[in-house]
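Novice: Dropping a structure here in structure tokens format, bear with me for questions.
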Amino acid sequence: MRELGYRPDALIEVLHTAQEAFGYLDAQALAYVGDRLGVPQSKAYGVATFYSYFTLEPEASHSCVVCTGTACYLDGAGALVSAVAGLLAARGQEAAPDRWLSLEEVRCLGPCSMAPVAVVDHEVHGKLTPPGLVSVVESL
Amino acid sequence: MSEVRTLQIDGKDVAARSDETILCAAEENEIHIPTLCHLEGLSDVGACRLCVVEVEGTPKLMAACTTTVEEGMKVTTTSERLVAYRRRAIEMLFVERNHICAVCVANNNCELQAHARNVGLDHFELPLMHPALPVDASHERFVMDHNRCILCTRCVRVCDEVEQAHTWDVAGRGTGARIVSDLGMPWGSSTTCTSCGKCVQVCPTGALFEKGRSISEPKARRPYLPYLVRVKERER
Amino acid sequence: MSAAAPAGAQPPRASANVCQAASCLAMGSAQVCRALEAEVAAAGLDDVAVRRVGCLGLCAAGPLVEVPEQGRIFERVLPGDPSSREGLLASLKGEARGGRPVASDPFFSRQVKVVLERCGTVDPENIDDYLATGGYEALAKVAGSMSPDEVTSEVVKSGLRGRGGAGYPTGLKWRTVAKEAGAAGKFVVCNADEGDPGAFMDRSVMESSPHQVLEGMAIAGYAVGANRGYVYVRAEYPLAAERLALAIRQAERRGYLGARVAGTRFSFHVELRMGAGAYVCGEETALIASIQGERGTPRPRPPYPAASGLWGCPTLINNVETFANVPSIIVRGGEWFASIGTERSKGTKVFSLAGAVKNTGVVEVPMGLTLREIVFDIGGGLAPGRRFKAVQTGGPAGGCLPEELLDMPVDYESLTQAGSMMGSGGMIVMDDTTCMVDVAKFFMDFCRQESCGKCVPCRVGTHEMWRLLDRMTRGVASRWDLEQLESLAGMVRAMSLCGLGQGAPSPVFSTLRYFRDEYVAHIDEHVCPAGSCHMGTAEPAAAGVSPA
Ligand SMILES: Cc1cc2nc3c(=O)[nH]c(=O)nc-3n(C[C@H](O)[C@H](O)[C@H](O)COP(=O)(O)O)c2cc1C
Ligand code: SF4
Ligand code: SF4
Ligand code: FES
Ligand code: FES
């Protein structure tokens, strides 16, 4: 944070850094960041909740991000999402506080030529089928 | 340095300072444009879109509260299309949240309700969205009822620009946007709120209100506005 | 390892250019590179260079490797499958065998590369490669021997128009910013937010030739009198950001950015800013708010950023591809650029082809080519047995163009007239299994989720339109719903504050214009002609009855 010079306009950069370090942004982190940058708390909270990249919840151990951009949507991204959701439901993960896997959707990751695409623990997988994605996820 | 501009609003020749908005120029000439997010003394955001007008030569509708006058401008503030669009916008505000006027503290003293009456909005074509929303009564003197909030952000602006506490801000986005205090915690636990009540005063609906006021007892809010303006002017 | 041959050394007899852009990397091209290096060494081919390059264009068939000496591109060179490298190795030994011949394959031969000139030929992580191909010559020329006004005039002469959306003449924009006093400084911003789902050409340019974008920005800075620049990259593009950051450091070290650009008195500092997942931040006023560390909500214009942008200072905002065109315009002249393309749309345009087309990837074509040429000649048409139905251009504010319009030239005006727009250059081909009502619903769902929530028509209107479209795709809508949809679409377009809301109804309008019968079939017959909607499914958790 010192590197960024305590300027209010560094808020988003600092939130990125904080989230990278802690995995998520809790009230304490937000309050601290706001204080140091001279940004009102409500503004820090407003910014953190505006951008979909920031999360105020602790991360699950693994992540599966399915692209639901145009190309992937037309190529069956919906089926990928339901397949993983089905797997989660079968494992009864949803209610567990210490979650095993988070399932998220994102609008276009860029490699549309490989549609449908998903990112499992930061690794990009292309041309997926529902069973294919399920087996990637199951191997975690 | 501001100069004088001449323009036409609804066919009437008017003069205005070059830094004035269309809304300002119209008001000075007794031409009334409906507004909701605008409040004299606060910055303008152009969010509610009720004040849109037609400007000859531009295909786009312009928000009167954020568009400055230009020489020779020809402005139309009322047309069949504008009235229909404004009515739709008001309808949208009603269906978005849970406005039950009969039990609202602001009944008969609500700007949203007044607009609905003015445009003759007597039924909704859009279905109600019925979001499940909380009422925050944790503050010792005031209540925030999200069911009646239209996200005009007057409270946010008055708190920031006049009281300079910046207790309020907007969180989330789209229909998930909510007014929040501090870090999204109950208002009563806010460490920045000075309990000045300015936000309650400027709220156009019954979303922010004072505890203990009986239903439909008017908020003493009108005389408050000139005060705000004076504060702003002193700052300049 | 490194791309450029060390000075004095024998240039390699042949090279294997391995694509290291995101799509190919996802298919394992980094491992392919290492495997190739080992195999080349094992075969004793010490006059062969294995080079890491940017996007080779044919992304769907990755990992791609080009052997330029043989004019061949090899597809699907998989890391775990040595047999996929047989033809390639033979080719490196000098046999002309296997792969796709670049000169006679229409996917490559119909393209005209200006922006993508260096994509797939230079190592994006090596400034020497860029310099060896004439990189930063334009900047040195501009800063050393041209007046700012001369630079702007050249861009005006080129007829270059913005590649990020509306197609505003770039030269005019520069002139406006140049004229502003800007006592407190001016800024140049590169819009690398590329939020349109299904568009990936800016990503490809940044990943393949980052210096070209920086050079364009620095030239713009010189022309408008700005000494600071920002590149705003969306968070979903970490590789592009990484390569830009590296390029900035390299350029600073070599004196092409920073205090004394190319040894002149002109200084230009560039910083990278990451987005955080908000489509609306591609809108210029929202982008400014986001760079300032705020919620990315747009504000009404005027004032335009050219007059009042970052921290209230005059700010020039252009798209990645717009900037990437600039060095060539300076080197070869505005007239040369203006000789490509059509009367009102000059130069080339990069498109990302995706969807139901054979050759998906990134292509650059002169303006004015027809949709048919792009989809069928370059794109190779559809898979066997599939029928072309529509091509979507312009992203969420664009539209779907039907078969009847395939012979339409692709330029700004034609696309707008047809009810779509150029947008940033995403082109998604749809076949007969795609339902147009569902496509309209998809884009509306996107806009609904990406609406910043500031203004009422967009916030509530996109939600209501999505709800109506959802009813249609479930076969429970009535004619009255269709009327409501059209009326809402008109209102949201006219009343919304920014381009997101104003553009959100476009997919509805264009699908209604060309595929109205599909809507009618969903409503009157409860049938989805494309067979993709699940008709008769129940409304998700009914909202209940109004108490008001
Ligand atoms: C909702 C919305 C999203 C946009 N997204 C982008 C984007 O991702 N990339 C981009 O270059 N321009 C985008 N634009 C257009 C920009 O606002 C702006 O016009 C453009 O960056 C100007 O650069 P140009 O003149 O070089 O095209 C978007 C506009 C709107 C209204
Ligand atoms: S609480 Fe009142 S003043 Fe604040 S945004 Fe809501 S309606 Fe406006
Ligand atoms: S049109 Fe949509 S995105 Fe734009 S300001 Fe309004 S709510 Fe925000
Ligand atoms: S649509 Fe999925 S990667 Fe672009
Ligand atoms: S009063 Fe102008 S937009 Fe609300």
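In the structure tokens, chains take the letters A, B, ... in the order shown, each chain's residues start at 1, and ligands count up from 1 in the order shown.
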Please check which protein, DNA or RNA residues sit within 6 Å of ligand 4, counting only C-alpha atoms and all ligand atoms, and write them as a list in words.
Specialist: Cys67, Thr68, Gly69, Thr70, Ala71, Cys72, Cys108, Leu109, Gly110, Pro111, Cys112, Ala115, Pro116 and Val117 of chain A; Pro197 and Gly198 of chain C
Novice: Please check which protein, DNA or RNA residues sit within 8 Å of ligand 1, counting only C-alpha atoms and all ligand atoms, and write them as a ChimeraX atom specification.
Specialist: /C:161-170,173,190-196,279-285,317-323,397,423-424,498-501,503
Novice: Using only N, CA, C and O atoms, please write the residues we just selected to a file, as a short mmCIF file (atom, residue, chain, number, x, y, z; two decimals), in the first residue's frame.
Specialist:
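Okay, part36.cif is ready:
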data_model
loop_
_atom_site.label_atom_id
_atom_site.label_comp_id
_atom_site.auth_asym_id
_atom_site.auth_seq_id
_atom_site.Cartn_x
_atom_site.Cartn_y
_atom_site.Cartn_z
N ARG C 161 -11.11 6.12 -37.68
CA ARG C 161 -12.22 6.33 -36.74
C ARG C 161 -12.08 5.37 -35.57
O ARG C 161 -11.47 4.32 -35.69
N GLY C 162 -12.64 5.76 -34.44
CA GLY C 162 -12.50 4.99 -33.21
C GLY C 162 -12.92 3.54 -33.41
O GLY C 162 -13.95 3.26 -33.99
N ARG C 163 -12.11 2.62 -32.90
CA ARG C 163 -12.40 1.20 -33.06
C ARG C 163 -13.09 0.61 -31.84
O ARG C 163 -13.26 -0.60 -31.75
N GLY C 164 -13.44 1.46 -30.88
CA GLY C 164 -13.99 0.93 -29.63
C GLY C 164 -15.49 0.94 -29.56
O GLY C 164 -16.08 0.43 -28.62
N GLY C 165 -16.14 1.55 -30.53
CA GLY C 165 -17.58 1.60 -30.41
C GLY C 165 -18.22 2.44 -31.48
O GLY C 165 -18.53 1.95 -32.56
N ALA C 166 -18.35 3.72 -31.20
CA ALA C 166 -19.18 4.56 -32.04
C ALA C 166 -18.51 5.01 -33.33
O ALA C 166 -19.16 5.51 -34.22
N GLY C 167 -17.20 4.86 -33.44
CA GLY C 167 -16.53 5.23 -34.67
C GLY C 167 -16.34 6.72 -34.83
O GLY C 167 -16.37 7.26 -35.94
N TYR C 168 -16.11 7.41 -33.73
CA TYR C 168 -15.86 8.85 -33.80
C TYR C 168 -14.49 9.10 -34.45
O TYR C 168 -13.53 8.39 -34.16
N PRO C 169 -14.41 10.09 -35.36
CA PRO C 169 -13.13 10.34 -36.03
C PRO C 169 -12.01 10.64 -35.03
O PRO C 169 -12.11 11.58 -34.25
N THR C 170 -10.97 9.84 -35.09
CA THR C 170 -9.90 9.94 -34.11
C THR C 170 -9.16 11.27 -34.20
O THR C 170 -8.87 11.91 -33.18
N LYS C 173 -11.00 14.02 -32.52
CA LYS C 173 -10.93 13.90 -31.06
C LYS C 173 -9.59 14.43 -30.57
O LYS C 173 -9.53 15.19 -29.60
N CYS C 190 -6.01 4.60 -22.59
CA CYS C 190 -6.28 3.52 -23.53
C CYS C 190 -7.35 2.62 -22.94
O CYS C 190 -7.19 2.05 -21.86
N ASN C 191 -8.45 2.53 -23.66
CA ASN C 191 -9.58 1.72 -23.19
C ASN C 191 -9.34 0.27 -23.59
O ASN C 191 -9.55 -0.13 -24.72
N ALA C 192 -8.87 -0.51 -22.63
CA ALA C 192 -8.61 -1.93 -22.87
C ALA C 192 -9.54 -2.76 -22.01
O ALA C 192 -9.17 -3.79 -21.47
N ASP C 193 -10.77 -2.28 -21.90
CA ASP C 193 -11.73 -2.97 -21.04
C ASP C 193 -12.43 -4.10 -21.79
O ASP C 193 -12.97 -5.01 -21.16
N GLU C 194 -12.40 -4.03 -23.10
CA GLU C 194 -12.99 -5.06 -23.97
C GLU C 194 -14.03 -5.95 -23.26
O GLU C 194 -13.80 -7.13 -22.99
N GLY C 195 -15.16 -5.34 -22.99
CA GLY C 195 -16.16 -6.07 -22.21
C GLY C 195 -17.17 -6.85 -23.02
O GLY C 195 -17.83 -7.74 -22.49
N ASP C 196 -17.31 -6.55 -24.32
CA ASP C 196 -18.33 -7.24 -25.10
C ASP C 196 -18.08 -8.74 -25.04
O ASP C 196 -17.01 -9.20 -25.43
N TYR C 279 -18.64 -4.41 -16.70
CA TYR C 279 -18.71 -4.11 -18.13
C TYR C 279 -18.86 -2.62 -18.39
O TYR C 279 -18.26 -2.06 -19.31
N VAL C 280 -19.67 -1.97 -17.55
CA VAL C 280 -19.99 -0.56 -17.79
C VAL C 280 -18.73 0.32 -17.73
O VAL C 280 -18.71 1.42 -18.27
N CYS C 281 -17.67 -0.17 -17.14
CA CYS C 281 -16.43 0.61 -17.07
C CYS C 281 -15.79 0.81 -18.43
O CYS C 281 -14.82 1.55 -18.56
N GLY C 282 -16.30 0.16 -19.48
CA GLY C 282 -15.85 0.46 -20.83
C GLY C 282 -16.41 1.78 -21.31
O GLY C 282 -15.86 2.41 -22.22
N GLU C 283 -17.50 2.22 -20.73
CA GLU C 283 -18.08 3.52 -21.05
C GLU C 283 -17.12 4.58 -20.53
O GLU C 283 -16.63 4.47 -19.40
N GLU C 284 -16.85 5.60 -21.32
CA GLU C 284 -15.70 6.43 -20.99
C GLU C 284 -15.80 7.19 -19.67
O GLU C 284 -14.80 7.31 -18.97
N THR C 285 -16.98 7.69 -19.32
CA THR C 285 -17.04 8.42 -18.05
C THR C 285 -16.96 7.47 -16.86
O THR C 285 -16.42 7.81 -15.81
N ILE C 317 -9.48 9.63 -24.77
CA ILE C 317 -9.73 8.20 -24.58
C ILE C 317 -9.88 7.53 -25.94
O ILE C 317 -10.71 7.95 -26.75
N ASN C 318 -9.04 6.57 -26.21
CA ASN C 318 -9.18 5.77 -27.42
C ASN C 318 -9.05 4.30 -27.08
O ASN C 318 -8.51 3.92 -26.04
N ASN C 319 -9.51 3.50 -28.00
CA ASN C 319 -9.49 2.06 -27.85
C ASN C 319 -8.11 1.49 -28.20
O ASN C 319 -7.31 2.13 -28.90
N VAL C 320 -7.84 0.28 -27.76
CA VAL C 320 -6.58 -0.42 -28.03
C VAL C 320 -6.24 -0.44 -29.52
O VAL C 320 -5.15 -0.06 -29.95
N GLU C 321 -7.23 -0.88 -30.31
CA GLU C 321 -6.98 -1.03 -31.74
C GLU C 321 -6.76 0.33 -32.40
O GLU C 321 -5.95 0.46 -33.32
N THR C 322 -7.48 1.34 -31.93
CA THR C 322 -7.29 2.69 -32.47
C THR C 322 -5.84 3.10 -32.30
O THR C 322 -5.18 3.54 -33.26
N PHE C 323 -5.31 2.94 -31.10
CA PHE C 323 -3.91 3.30 -30.85
C PHE C 323 -2.96 2.44 -31.68
O PHE C 323 -1.94 2.93 -32.16
N ALA C 397 -24.89 -4.01 -27.43
CA ALA C 397 -25.59 -2.86 -28.00
C ALA C 397 -25.75 -3.04 -29.50
O ALA C 397 -26.18 -2.14 -30.21
N GLY C 423 -19.34 -1.67 -33.19
CA GLY C 423 -18.91 -2.02 -31.85
C GLY C 423 -17.42 -2.21 -31.84
O GLY C 423 -16.69 -1.61 -32.63
N SER C 424 -16.96 -3.08 -31.00
CA SER C 424 -15.52 -3.24 -30.93
C SER C 424 -15.02 -4.30 -31.90
O SER C 424 -13.84 -4.39 -32.15
N CYS C 498 -26.62 6.42 -20.09
CA CYS C 498 -25.39 6.14 -20.83
C CYS C 498 -25.62 5.11 -21.92
O CYS C 498 -26.71 4.57 -22.09
N GLY C 499 -24.56 4.82 -22.65
CA GLY C 499 -24.64 3.92 -23.77
C GLY C 499 -25.09 2.51 -23.42
O GLY C 499 -25.62 1.80 -24.27
N LEU C 500 -24.87 2.09 -22.18
CA LEU C 500 -25.28 0.73 -21.83
C LEU C 500 -26.80 0.62 -21.90
O LEU C 500 -27.34 -0.27 -22.56
N GLY C 501 -27.48 1.53 -21.23
CA GLY C 501 -28.93 1.50 -21.25
C GLY C 501 -29.49 1.85 -22.62
O GLY C 501 -30.43 1.21 -23.10
N GLY C 503 -28.16 1.30 -25.42
CA GLY C 503 -27.91 0.24 -26.38
C GLY C 503 -28.58 -1.08 -26.01
O GLY C 503 -28.73 -1.95 -26.87
#
Novice: Using only C-alpha atoms, which residues sit within 6 Å of region 163-176 of chain B once same-chain residues fewer than 2 positions away are excluded, as a list in words?
Specialist: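 Contacts, in chain order: Ser42, Lys43, Gly46, Thr49 and Phe50 of chain A; Val156, Cys159, Asp160, Glu161, Arg178, Ile179, Val180, Ser181, Asp182, Thr192 and Cys193 of chain B; Ser451, Cys452, Gly453 and Arg459 of chain C.
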Novice: Which neighbours of Ala390 (chain C) fall inside 12 Å, counting only C-alpha atoms, when residues of the same chain fewer than 6 positions from it are skipped, and could you give them as a count of residues only?
Specialist: 31
Novice: Any idea what's packed within 10 Å of region 205-207 of chain B, counting only C-alpha atoms, ignoring anything in its chain fewer than 4 positions away? Could you give it as a list in words?
Specialist: Leu36, His99, Cys101, Cys104, Val105, Ala106, Asn107, Asn109, Cys110, Glu111, Leu112, Gln113, Val135, Val143, Met144, Asp145, His146, Asn147, Arg148, Cys149, Ile150, Leu151, Cys152, Val200, Ser216 and Lys219 of chain B
Novice: With a distance threshold of 8 Å and counting only C-alpha atoms, extract the residues of chain C near chain A and express them as a PyMOL selection string.
Specialist: chain C and resi 22-23+26-27+59-60+195-200+203+235-237+273-274+276-278+290-296+353-355+360-361+428+434+442+452
Novice: As an exercise, work out the distance from CA of Ser2 (chain B) to CA of Ile22 (chain B) in Å and give it to one decimal place.
Specialist: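 Separating CA of Ser2 (chain B) from CA of Ile22 (chain B) is a distance of 14.8 Å.
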Novice: Looking at only C-alpha atoms and all ligand atoms, which of B:Gly11, B:Gly46, B:Glu20, B:Tyr85 is the one that sits closest to ligand 3?
Specialist: B:Gly46
Novice: What residues in region 12-97 of chain A get the DSSP label alpha helix (DSSP H)? Please answer as a ChimeraX atom specification.
Specialist: /A:12-22,27-37,41-50,70-74,77-91
Novice: Between CA of Thr17 (chain A) and CA of Leu37 (chain A), what is the spacing in Å?
Specialist: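 Pair CA of Leu37 (chain A) / CA of Thr17 (chain A) returns 13.7 Å.
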Novice: Using only C-alpha atoms and a cut-off of 8 Å, which residues of chain C sit close to chain B? Please list them as a list of chain:residue names.
Specialist: C:Arg299, C:Pro300, C:Pro302, C:Arg448, C:Gln449, C:Glu450, C:Ser451, C:Cys452, C:Gly453, C:Lys454, C:Cys455, C:Val456, C:Pro457, C:Arg459, C:Val460, C:Gly461, C:His463, C:Glu464, C:Met491, C:Ala494, C:Met495, C:Ser496, C:Leu497, C:Ala543, C:Gly544, C:Ser546, C:Pro547, C:Ala548
Novice: Can you work out which one of B:Cys51, B:Thr76, B:Glu140, B:Leu39 has the shortest atom-to-atom distance to ligand 2, counting only C-alpha atoms and all ligand atoms?
Specialist: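 Using only C-alpha atoms and all ligand atoms, the shortest distance to ligand 2 belongs to B:Leu39.
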Novice: Restricting the calculation to only C-alpha atoms and all ligand atoms: of B:Lys211, B:Gly197, B:Glu80, B:Cys155, which residue gets closest to ligand 2?
Specialist: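 Once distances to ligand 2 are computed over only C-alpha atoms and all ligand atoms, the minimum belongs to B:Cys155.
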Novice: At what distance in Å, to one decimal, does CA of Val202 (chain B) lie from atom 6 (Fe, counted along the ligand's line) of ligand 2?
Specialist: 9.6 Å
Novice: Quick one: everything within 9 Å of Leu89 (chain C), counting only C-alpha atoms, minus sequence neighbours fewer than 6 positions away in the same chain. Send it as a ChimeraX atom specification.
Specialist: /C:36,39-40,95
Novice: Need to verify the contact set: region 20-30 of chain A, 7 Å, only C-alpha atoms, exclusion of same-chain residues closer than 4 positions in sequence. Can you return it as number ranges by chain?
Specialist: A: 16, 34, 44-45, 55-59; B: 183
Novice: From the options B:Glu40, B:Asp122, B:Glu71, B:Glu210, which residue's atoms come nearest to ligand 5, counting only C-alpha atoms and all ligand atoms?
Specialist: B:Glu40
Novice: Pick from A:Ala31, A:Ala77, A:Val65, A:Ala18: nearest to chain B, with only C-alpha atoms counted?
Specialist: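 For chain B, the nearest of the candidates is A:Ala31.
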Novice: Please give the complete set of residues from region 34-124 of chain A that DSSP, run on the backbone, assigns to strand (DSSP E or B), formatted as a ChimeraX atom specification.
Specialist: /A:62-67,101-106,118-120,123-124
Novice: Write the residues of the preceding selection, restricted to all heavy atoms, as a compact mmCIF listing (two decimals), in the first residue's frame.
Specialist:
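And here's selection15.txt as it stands now:
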# COMPACT_ATOMS: atom_id res chain seq x y z
N HIS A 62 -11.53 -24.49 -3.61
CA HIS A 62 -11.29 -24.53 -5.04
C HIS A 62 -12.31 -23.66 -5.76
O HIS A 62 -13.38 -23.39 -5.22
CB HIS A 62 -11.43 -25.97 -5.56
CG HIS A 62 -10.43 -26.90 -4.96
ND1 HIS A 62 -9.12 -26.94 -5.35
CD2 HIS A 62 -10.56 -27.81 -3.96
CE1 HIS A 62 -8.47 -27.84 -4.63
NE2 HIS A 62 -9.33 -28.39 -3.78
N SER A 63 -11.96 -23.26 -6.97
CA SER A 63 -12.92 -22.45 -7.69
C SER A 63 -13.12 -22.99 -9.10
O SER A 63 -12.19 -23.51 -9.72
CB SER A 63 -12.47 -21.00 -7.75
OG SER A 63 -11.46 -20.85 -8.71
N CYS A 64 -14.35 -22.88 -9.55
CA CYS A 64 -14.68 -23.26 -10.91
C CYS A 64 -15.47 -22.10 -11.52
O CYS A 64 -16.55 -21.76 -11.06
CB CYS A 64 -15.53 -24.52 -10.91
SG CYS A 64 -16.20 -24.93 -12.53
N VAL A 65 -14.87 -21.44 -12.49
CA VAL A 65 -15.50 -20.28 -13.11
C VAL A 65 -15.92 -20.68 -14.53
O VAL A 65 -15.06 -20.97 -15.37
CB VAL A 65 -14.54 -19.09 -13.16
CG1 VAL A 65 -15.24 -17.87 -13.75
CG2 VAL A 65 -14.00 -18.78 -11.78
N VAL A 66 -17.21 -20.69 -14.76
CA VAL A 66 -17.69 -21.07 -16.10
C VAL A 66 -17.97 -19.81 -16.88
O VAL A 66 -18.63 -18.89 -16.39
CB VAL A 66 -18.97 -21.92 -16.00
CG1 VAL A 66 -19.47 -22.28 -17.39
CG2 VAL A 66 -18.72 -23.17 -15.18
N CYS A 67 -17.46 -19.73 -18.10
CA CYS A 67 -17.74 -18.57 -18.94
C CYS A 67 -19.15 -18.67 -19.49
O CYS A 67 -19.53 -19.70 -20.04
CB CYS A 67 -16.75 -18.47 -20.09
SG CYS A 67 -17.16 -17.12 -21.20
N LEU A 101 -15.85 -26.06 -2.99
CA LEU A 101 -15.72 -25.48 -4.32
C LEU A 101 -16.70 -24.32 -4.49
O LEU A 101 -17.85 -24.40 -4.10
CB LEU A 101 -16.05 -26.56 -5.35
CG LEU A 101 -15.99 -26.13 -6.82
CD1 LEU A 101 -14.58 -26.27 -7.35
CD2 LEU A 101 -16.95 -26.94 -7.67
N SER A 102 -16.21 -23.25 -5.08
CA SER A 102 -17.14 -22.19 -5.44
C SER A 102 -17.40 -22.26 -6.93
O SER A 102 -16.49 -22.48 -7.72
CB SER A 102 -16.57 -20.82 -5.06
OG SER A 102 -15.49 -20.50 -5.90
N LEU A 103 -18.65 -22.09 -7.31
CA LEU A 103 -19.03 -22.12 -8.71
C LEU A 103 -19.45 -20.72 -9.11
O LEU A 103 -20.35 -20.14 -8.52
CB LEU A 103 -20.20 -23.10 -8.91
CG LEU A 103 -20.87 -23.09 -10.29
CD1 LEU A 103 -19.90 -23.50 -11.37
CD2 LEU A 103 -22.08 -24.01 -10.29
N GLU A 104 -18.72 -20.15 -10.07
CA GLU A 104 -19.06 -18.79 -10.49
C GLU A 104 -19.23 -18.73 -12.00
O GLU A 104 -18.76 -19.61 -12.72
CB GLU A 104 -17.94 -17.83 -10.10
CG GLU A 104 -17.92 -17.46 -8.66
CD GLU A 104 -16.56 -16.92 -8.26
OE1 GLU A 104 -16.11 -15.95 -8.90
OE2 GLU A 104 -15.94 -17.48 -7.33
N GLU A 105 -19.92 -17.66 -12.42
CA GLU A 105 -20.06 -17.44 -13.86
C GLU A 105 -19.36 -16.14 -14.20
O GLU A 105 -19.34 -15.22 -13.41
CB GLU A 105 -21.54 -17.33 -14.24
CG GLU A 105 -22.27 -18.64 -14.11
CD GLU A 105 -23.76 -18.49 -14.36
OE1 GLU A 105 -24.14 -17.64 -15.19
OE2 GLU A 105 -24.53 -19.21 -13.72
N VAL A 106 -18.78 -16.08 -15.38
CA VAL A 106 -18.15 -14.84 -15.80
C VAL A 106 -18.50 -14.64 -17.26
O VAL A 106 -18.75 -15.61 -17.99
CB VAL A 106 -16.63 -14.90 -15.56
CG1 VAL A 106 -15.97 -15.92 -16.45
CG2 VAL A 106 -15.99 -13.54 -15.77
N ALA A 118 -14.06 -22.97 -19.23
CA ALA A 118 -14.16 -22.81 -17.78
C ALA A 118 -12.74 -22.71 -17.22
O ALA A 118 -11.80 -23.23 -17.79
CB ALA A 118 -14.90 -23.98 -17.15
N VAL A 119 -12.64 -22.01 -16.09
CA VAL A 119 -11.35 -21.90 -15.42
C VAL A 119 -11.47 -22.61 -14.09
O VAL A 119 -12.28 -22.23 -13.24
CB VAL A 119 -10.97 -20.42 -15.19
CG1 VAL A 119 -9.61 -20.35 -14.50
CG2 VAL A 119 -10.91 -19.69 -16.51
N VAL A 120 -10.72 -23.67 -13.92
CA VAL A 120 -10.75 -24.41 -12.67
C VAL A 120 -9.43 -24.18 -11.97
O VAL A 120 -8.37 -24.50 -12.51
CB VAL A 120 -10.98 -25.92 -12.93
CG1 VAL A 120 -11.04 -26.68 -11.61
CG2 VAL A 120 -12.25 -26.12 -13.72
N GLU A 123 -6.75 -22.54 -13.99
CA GLU A 123 -6.32 -23.16 -15.22
C GLU A 123 -7.47 -23.16 -16.22
O GLU A 123 -8.59 -23.55 -15.91
CB GLU A 123 -5.85 -24.58 -14.94
CG GLU A 123 -4.88 -25.05 -16.01
CD GLU A 123 -4.24 -26.37 -15.62
OE1 GLU A 123 -3.72 -26.47 -14.48
OE2 GLU A 123 -4.29 -27.27 -16.46
N VAL A 124 -7.16 -22.69 -17.45
CA VAL A 124 -8.21 -22.56 -18.45
C VAL A 124 -8.43 -23.89 -19.16
O VAL A 124 -7.49 -24.53 -19.62
CB VAL A 124 -7.82 -21.50 -19.50
CG1 VAL A 124 -8.94 -21.30 -20.51
CG2 VAL A 124 -7.47 -20.19 -18.83
Novice: Which residue is closest to ligand 3? Choose from C:Val177, C:Cys55, C:Val520, C:Cys447 and count only C-alpha atoms and all ligand atoms.
Specialist: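 The answer is C:Cys447, which sits nearest to ligand 3.
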